There are 2 protein chains.
Amino acid sequence: MKIKNFICLLCIFITTAISTRSYGQHKDLVVRIAKLVIDSSQLDTYKMLLKEHAEIAVRKEPGVLTLYAVYDKEKPDHVTVFEIYASKEAYRAHLLTAHFLKYKNGSKNMVKSLELVETLPIALESKFKNAG
Amino acid sequence: MKIKNFICLLCIFITTAISTRSYGQHKDLVVRIAKLVIDSSQLDTYKMLLKEHAEIAVRKEPGVLTLYAVYDKEKPDHVTVFEIYASKEAYRAHLLTAHFLKYKNGSKNMVKSLELVETLPIALESKFKNAG
């Protein structure tokens, strides 16, 4: 085998290995963005409920990996939650937990609208450690 | 002091302590959502550029804490990046890095629109470890 052919084959092998690893590492994840509009008069109560829910879900459920909940500075009644679950099964299990049902039932009269956007990851890079 | 008054005071103290801690732990963070629409014909190239940028920024810059970049399943040209920086200074420093400028200049003809939404955190809970 000529050295040129060998280098070509090596390049193909490395490219395949990298791309397989790149797609493989996130293939089971469920990554979703929830966009909510909240009744302004109940915003503080809603935020407490959501914060409690996020803390319990990530701490207790192995498959709830990330719940990043924020509200817009300009429109404080607009809330966004960036959600990562380990798999569809983990997400389904999450919907049956006592803490999720407490949040869902407790907030049903506070949520004016809810849009769920299913997404696929391009990059999920983080070294953030919650000081809480 | 009556026991009822003591309990009231204790509750006020605990609530204040919890809320101070809760606001204090994230007070310097810059948390932002970037919403982009990308030229469909250049989507694959754009995603590679963004992925490379996110990996380098989080690895190299101490103040770039999170870059979660995803695209909508239904509208693959709609990209969202959830960004956490340690402070305003960290964000400003980020804008001057070689990798950011490479991404920004490299993608300028691919980005059809860009909306930056400044946000404040409600909860930032995560145990996600990137396998990459």
# chains A, B, ... in the order shown; residues from 1 in each chain; ligands from 1
>>> residues_around(residues="range 111-117 of chain B", least_positions_apart="2", cutoff="6 Å", atoms="only C-alpha atoms", output="PyMOL selection string")
chain B and resi 32-38+108-109
>>> residues_around(residues="range 55-57 of chain A", least_positions_apart="3", cutoff="8 Å", atoms="only C-alpha atoms", output="ChimeraX atom specification")
/A:51-52,60-61,64,94,99-100 /B:123,125
>>> write_last_selection(atoms="C-alpha atoms", output="PDB file, in the first residue's frame")
ATOM      1  CA  LYS A  51     -37.773  26.811  41.268  1.00  0.00           C
ATOM      2  CA  GLU A  52     -38.815  24.213  43.851  1.00  0.00           C
ATOM      3  CA  LYS A  60     -34.124  13.191  42.764  1.00  0.00           C
ATOM      4  CA  GLU A  61     -34.555  11.904  39.205  1.00  0.00           C
ATOM      5  CA  VAL A  64     -33.713  14.733  34.578  1.00  0.00           C
ATOM      6  CA  HIS A  94     -40.775  12.476  35.161  1.00  0.00           C
ATOM      7  CA  HIS A  99     -43.196  16.886  42.428  1.00  0.00           C
ATOM      8  CA  PHE A 100     -44.098  17.322  38.739  1.00  0.00           C
TER       9      PHE A 100
ATOM     10  CA  ALA B 123     -33.542  28.071  38.604  1.00  0.00           C
ATOM     11  CA  GLU B 125     -30.310  23.127  37.898  1.00  0.00           C
TER      12      GLU B 125
END
>>> closest_atom_pairs(of="chain A", to="chain B", cutoff="8 Å", atoms="only C-alpha atoms", output="JSON lines")
{"residue": "A:Arg21", "atom": "CA", "partner": "B:Gly132", "partner_atom": "CA", "distance": 7.7}
{"residue": "A:Ser22", "atom": "CA", "partner": "B:Gly132", "partner_atom": "CA", "distance": 7.0}
{"residue": "A:Gln25", "atom": "CA", "partner": "B:Ala131", "partner_atom": "CA", "distance": 5.8}
{"residue": "A:Lys47", "atom": "CA", "partner": "B:Ile122", "partner_atom": "CA", "distance": 6.3}
{"residue": "A:Leu50", "atom": "CA", "partner": "B:Ile122", "partner_atom": "CA", "distance": 7.6}
{"residue": "A:Lys51", "atom": "CA", "partner": "B:Ala123", "partner_atom": "CA", "distance": 5.2}
{"residue": "A:Ala54", "atom": "CA", "partner": "B:Glu125", "partner_atom": "CA", "distance": 6.5}
{"residue": "A:Glu55", "atom": "CA", "partner": "B:Glu125", "partner_atom": "CA", "distance": 6.2}
{"residue": "A:Val58", "atom": "CA", "partner": "B:Glu125", "partner_atom": "CA", "distance": 6.4}
{"residue": "A:Leu65", "atom": "CA", "partner": "B:Phe128", "partner_atom": "CA", "distance": 4.9}
{"residue": "A:Thr66", "atom": "CA", "partner": "B:Ser126", "partner_atom": "CA", "distance": 4.1}
{"residue": "A:Leu67", "atom": "CA", "partner": "B:Glu125", "partner_atom": "CA", "distance": 5.3}
{"residue": "A:Tyr68", "atom": "CA", "partner": "B:Leu124", "partner_atom": "CA", "distance": 4.4}
{"residue": "A:Ala69", "atom": "CA", "partner": "B:Ala123", "partner_atom": "CA", "distance": 5.0}
{"residue": "A:Val70", "atom": "CA", "partner": "B:Pro121", "partner_atom": "CA", "distance": 4.3}
{"residue": "A:Tyr71", "atom": "CA", "partner": "B:Thr119", "partner_atom": "CA", "distance": 5.3}
{"residue": "A:Asp72", "atom": "CA", "partner": "B:Thr119", "partner_atom": "CA", "distance": 4.4}
{"residue": "A:Lys73", "atom": "CA", "partner": "B:Thr119", "partner_atom": "CA", "distance": 5.0}
{"residue": "A:Glu74", "atom": "CA", "partner": "B:Glu118", "partner_atom": "CA", "distance": 7.6}
{"residue": "A:Phe82", "atom": "CA", "partner": "B:Phe82", "partner_atom": "CA", "distance": 7.7}
{"residue": "A:Ile84", "atom": "CA", "partner": "B:Phe128", "partner_atom": "CA", "distance": 7.9}
{"residue": "A:Val117", "atom": "CA", "partner": "B:Asp72", "partner_atom": "CA", "distance": 6.7}
{"residue": "A:Glu118", "atom": "CA", "partner": "B:Lys73", "partner_atom": "CA", "distance": 5.8}
{"residue": "A:Thr119", "atom": "CA", "partner": "B:Asp72", "partner_atom": "CA", "distance": 4.3}
{"residue": "A:Leu120", "atom": "CA", "partner": "B:Val70", "partner_atom": "CA", "distance": 5.4}
{"residue": "A:Pro121", "atom": "CA", "partner": "B:Val70", "partner_atom": "CA", "distance": 4.3}
{"residue": "A:Ile122", "atom": "CA", "partner": "B:Val70", "partner_atom": "CA", "distance": 5.0}
{"residue": "A:Ala123", "atom": "CA", "partner": "B:Ala69", "partner_atom": "CA", "distance": 5.1}
{"residue": "A:Leu124", "atom": "CA", "partner": "B:Tyr68", "partner_atom": "CA", "distance": 4.5}
{"residue": "A:Glu125", "atom": "CA", "partner": "B:Leu67", "partner_atom": "CA", "distance": 5.3}
{"residue": "A:Ser126", "atom": "CA", "partner": "B:Thr66", "partner_atom": "CA", "distance": 4.1}
{"residue": "A:Lys127", "atom": "CA", "partner": "B:Leu65", "partner_atom": "CA", "distance": 5.2}
{"residue": "A:Phe128", "atom": "CA", "partner": "B:Leu65", "partner_atom": "CA", "distance": 4.9}
{"residue": "A:Asn130", "atom": "CA", "partner": "B:Leu124", "partner_atom": "CA", "distance": 6.7}
{"residue": "A:Ala131", "atom": "CA", "partner": "B:Gln25", "partner_atom": "CA", "distance": 5.9}
{"residue": "A:Gly132", "atom": "CA", "partner": "B:Gln25", "partner_atom": "CA", "distance": 6.6}
>>> write_last_selection(atoms="N, CA and C atoms", output="compact mmCIF listing (two decimals), in the first residue's frame")
# COMPACT_ATOMS: atom_id res chain seq x y z
N ARG A 21 -18.83 9.41 17.20
CA ARG A 21 -18.77 9.79 18.62
C ARG A 21 -19.63 11.04 18.85
N SER A 22 -19.52 11.99 17.92
CA SER A 22 -20.21 13.26 18.05
C SER A 22 -21.73 13.07 18.05
N GLN A 25 -22.97 10.55 21.22
CA GLN A 25 -22.97 10.96 22.61
C GLN A 25 -24.29 11.57 23.07
N LYS A 47 -42.87 31.57 40.12
CA LYS A 47 -41.42 31.38 40.11
C LYS A 47 -40.96 30.51 41.27
N LEU A 50 -41.88 26.90 40.36
CA LEU A 50 -41.02 26.35 39.31
C LEU A 50 -39.61 26.07 39.85
N LYS A 51 -39.11 26.99 40.68
CA LYS A 51 -37.77 26.81 41.27
C LYS A 51 -37.73 25.55 42.14
N ALA A 54 -37.84 22.45 39.87
CA ALA A 54 -36.59 22.19 39.15
C ALA A 54 -35.54 21.59 40.09
N GLU A 55 -35.44 22.15 41.29
CA GLU A 55 -34.44 21.65 42.25
C GLU A 55 -34.70 20.20 42.62
N VAL A 58 -34.18 17.65 39.41
CA VAL A 58 -32.79 17.36 39.04
C VAL A 58 -32.08 16.59 40.15
N LEU A 65 -31.74 15.77 33.61
CA LEU A 65 -30.34 16.22 33.62
C LEU A 65 -30.20 17.73 33.79
N THR A 66 -31.07 18.47 33.15
CA THR A 66 -30.98 19.94 33.21
C THR A 66 -32.37 20.57 33.19
N LEU A 67 -32.59 21.52 34.08
CA LEU A 67 -33.77 22.40 34.01
C LEU A 67 -33.27 23.81 34.27
N TYR A 68 -33.06 24.56 33.19
CA TYR A 68 -32.62 25.95 33.28
C TYR A 68 -33.85 26.83 33.03
N ALA A 69 -34.33 27.47 34.09
CA ALA A 69 -35.55 28.28 33.98
C ALA A 69 -35.18 29.75 34.16
N VAL A 70 -35.60 30.57 33.20
CA VAL A 70 -35.31 32.01 33.24
C VAL A 70 -36.55 32.80 32.83
N TYR A 71 -36.53 34.11 33.15
CA TYR A 71 -37.59 34.98 32.63
C TYR A 71 -36.95 36.18 31.93
N ASP A 72 -37.66 36.74 30.95
CA ASP A 72 -37.14 37.86 30.17
C ASP A 72 -37.03 39.11 31.03
N LYS A 73 -35.92 39.84 30.91
CA LYS A 73 -35.79 41.12 31.62
C LYS A 73 -36.86 42.10 31.13
N GLU A 74 -37.08 42.14 29.83
CA GLU A 74 -38.01 43.12 29.24
C GLU A 74 -39.47 42.74 29.47
N PHE A 82 -35.14 25.57 29.59
CA PHE A 82 -34.32 24.72 28.73
C PHE A 82 -34.18 23.38 29.45
N ILE A 84 -33.18 19.18 29.60
CA ILE A 84 -32.49 17.99 29.04
C ILE A 84 -32.85 16.77 29.88
N VAL A 117 -41.12 23.31 22.39
CA VAL A 117 -40.35 23.20 21.15
C VAL A 117 -39.37 22.05 21.28
N GLU A 118 -39.59 21.01 20.46
CA GLU A 118 -38.68 19.86 20.46
C GLU A 118 -37.44 20.22 19.65
N THR A 119 -36.26 19.94 20.20
CA THR A 119 -35.03 20.35 19.52
C THR A 119 -34.03 19.20 19.44
N LEU A 120 -33.00 19.43 18.65
CA LEU A 120 -31.86 18.51 18.58
C LEU A 120 -30.59 19.29 18.88
N PRO A 121 -29.66 18.68 19.60
CA PRO A 121 -28.47 19.44 20.00
C PRO A 121 -27.45 19.67 18.88
N ILE A 122 -26.85 20.85 18.90
CA ILE A 122 -25.68 21.14 18.06
C ILE A 122 -24.43 21.04 18.95
N ALA A 123 -24.51 21.68 20.12
CA ALA A 123 -23.43 21.60 21.12
C ALA A 123 -24.04 21.79 22.49
N LEU A 124 -23.63 20.96 23.45
CA LEU A 124 -24.14 21.10 24.83
C LEU A 124 -22.94 21.23 25.75
N GLU A 125 -22.35 22.41 25.75
CA GLU A 125 -21.10 22.64 26.48
C GLU A 125 -21.37 23.42 27.76
N SER A 126 -20.92 22.91 28.89
CA SER A 126 -21.13 23.62 30.14
C SER A 126 -20.11 23.20 31.20
N LYS A 127 -19.69 24.16 31.98
CA LYS A 127 -18.92 23.85 33.20
C LYS A 127 -19.55 24.59 34.37
N PHE A 128 -20.80 25.03 34.20
CA PHE A 128 -21.49 25.80 35.24
C PHE A 128 -21.80 24.90 36.44
N ASN A 130 -23.91 25.10 39.91
CA ASN A 130 -24.87 25.88 40.71
C ASN A 130 -24.34 25.98 42.14
N ALA A 131 -24.25 27.23 42.60
CA ALA A 131 -23.73 27.44 43.96
C ALA A 131 -24.75 27.09 45.02
N GLY A 132 -26.01 26.83 44.57
CA GLY A 132 -27.10 26.59 45.55
C GLY A 132 -26.87 25.32 46.25
>>> atom_distance(atom1="CA of Tyr91 in chain B", atom2="CA of Tyr103 in chain B")
15.3 Å
>>> atom_distance(atom1="CA of Ala98 in chain B", atom2="CA of Asp39 in chain B")
23.9 Å
>>> atom_distance(atom1="CA of Glu89 in chain B", atom2="CA of Asn105 in chain B")
21.9 Å
>>> select_by_dssp(residues="range 30-120 of chain A", states="helix (DSSP H, G or I)", output="PyMOL selection string")
chain A and resi 40-60+88-94+98-107
>>> write_last_selection(atoms="C-alpha atoms", output="mmCIF file, in the first residue's frame")
data_model
loop_
_atom_site.group_PDB
_atom_site.id
_atom_site.type_symbol
_atom_site.label_atom_id
_atom_site.label_comp_id
_atom_site.auth_asym_id
_atom_site.auth_seq_id
_atom_site.Cartn_x
_atom_site.Cartn_y
_atom_site.Cartn_z
ATOM 1 C CA SER A 40 -48.370 38.751 35.978
ATOM 2 C CA SER A 41 -50.323 38.960 39.227
ATOM 3 C CA GLN A 42 -49.139 35.449 40.173
ATOM 4 C CA LEU A 43 -45.573 35.677 38.856
ATOM 5 C CA ASP A 44 -43.754 35.512 42.195
ATOM 6 C CA THR A 45 -45.726 32.479 43.324
ATOM 7 C CA TYR A 46 -45.179 30.816 39.957
ATOM 8 C CA LYS A 47 -41.416 31.383 40.108
ATOM 9 C CA MET A 48 -41.211 29.839 43.595
ATOM 10 C CA LEU A 49 -43.194 26.820 42.421
ATOM 11 C CA LEU A 50 -41.018 26.354 39.313
ATOM 12 C CA LYS A 51 -37.773 26.811 41.268
ATOM 13 C CA GLU A 52 -38.815 24.213 43.851
ATOM 14 C CA HIS A 53 -39.861 21.812 41.100
ATOM 15 C CA ALA A 54 -36.587 22.191 39.150
ATOM 16 C CA GLU A 55 -34.441 21.655 42.251
ATOM 17 C CA ILE A 56 -36.307 18.504 43.334
ATOM 18 C CA ALA A 57 -36.526 17.008 39.818
ATOM 19 C CA VAL A 58 -32.786 17.363 39.038
ATOM 20 C CA ARG A 59 -31.779 16.183 42.523
ATOM 21 C CA LYS A 60 -34.124 13.191 42.764
ATOM 22 C CA LYS A 88 -37.821 9.472 26.341
ATOM 23 C CA GLU A 89 -38.399 6.960 29.144
ATOM 24 C CA ALA A 90 -36.831 9.331 31.683
ATOM 25 C CA TYR A 91 -39.099 12.117 30.439
ATOM 26 C CA ARG A 92 -42.219 9.923 30.664
ATOM 27 C CA ALA A 93 -41.275 8.829 34.185
ATOM 28 C CA HIS A 94 -40.775 12.476 35.161
ATOM 29 C CA ALA A 98 -45.312 13.722 42.780
ATOM 30 C CA HIS A 99 -43.196 16.886 42.428
ATOM 31 C CA PHE A 100 -44.098 17.322 38.739
ATOM 32 C CA LEU A 101 -47.811 16.832 39.468
ATOM 33 C CA LYS A 102 -47.574 19.315 42.355
ATOM 34 C CA TYR A 103 -46.001 21.885 40.006
ATOM 35 C CA LYS A 104 -48.410 21.144 37.133
ATOM 36 C CA ASN A 105 -51.562 21.292 39.256
ATOM 37 C CA GLY A 106 -50.307 24.186 41.357
ATOM 38 C CA SER A 107 -49.496 26.336 38.312
#
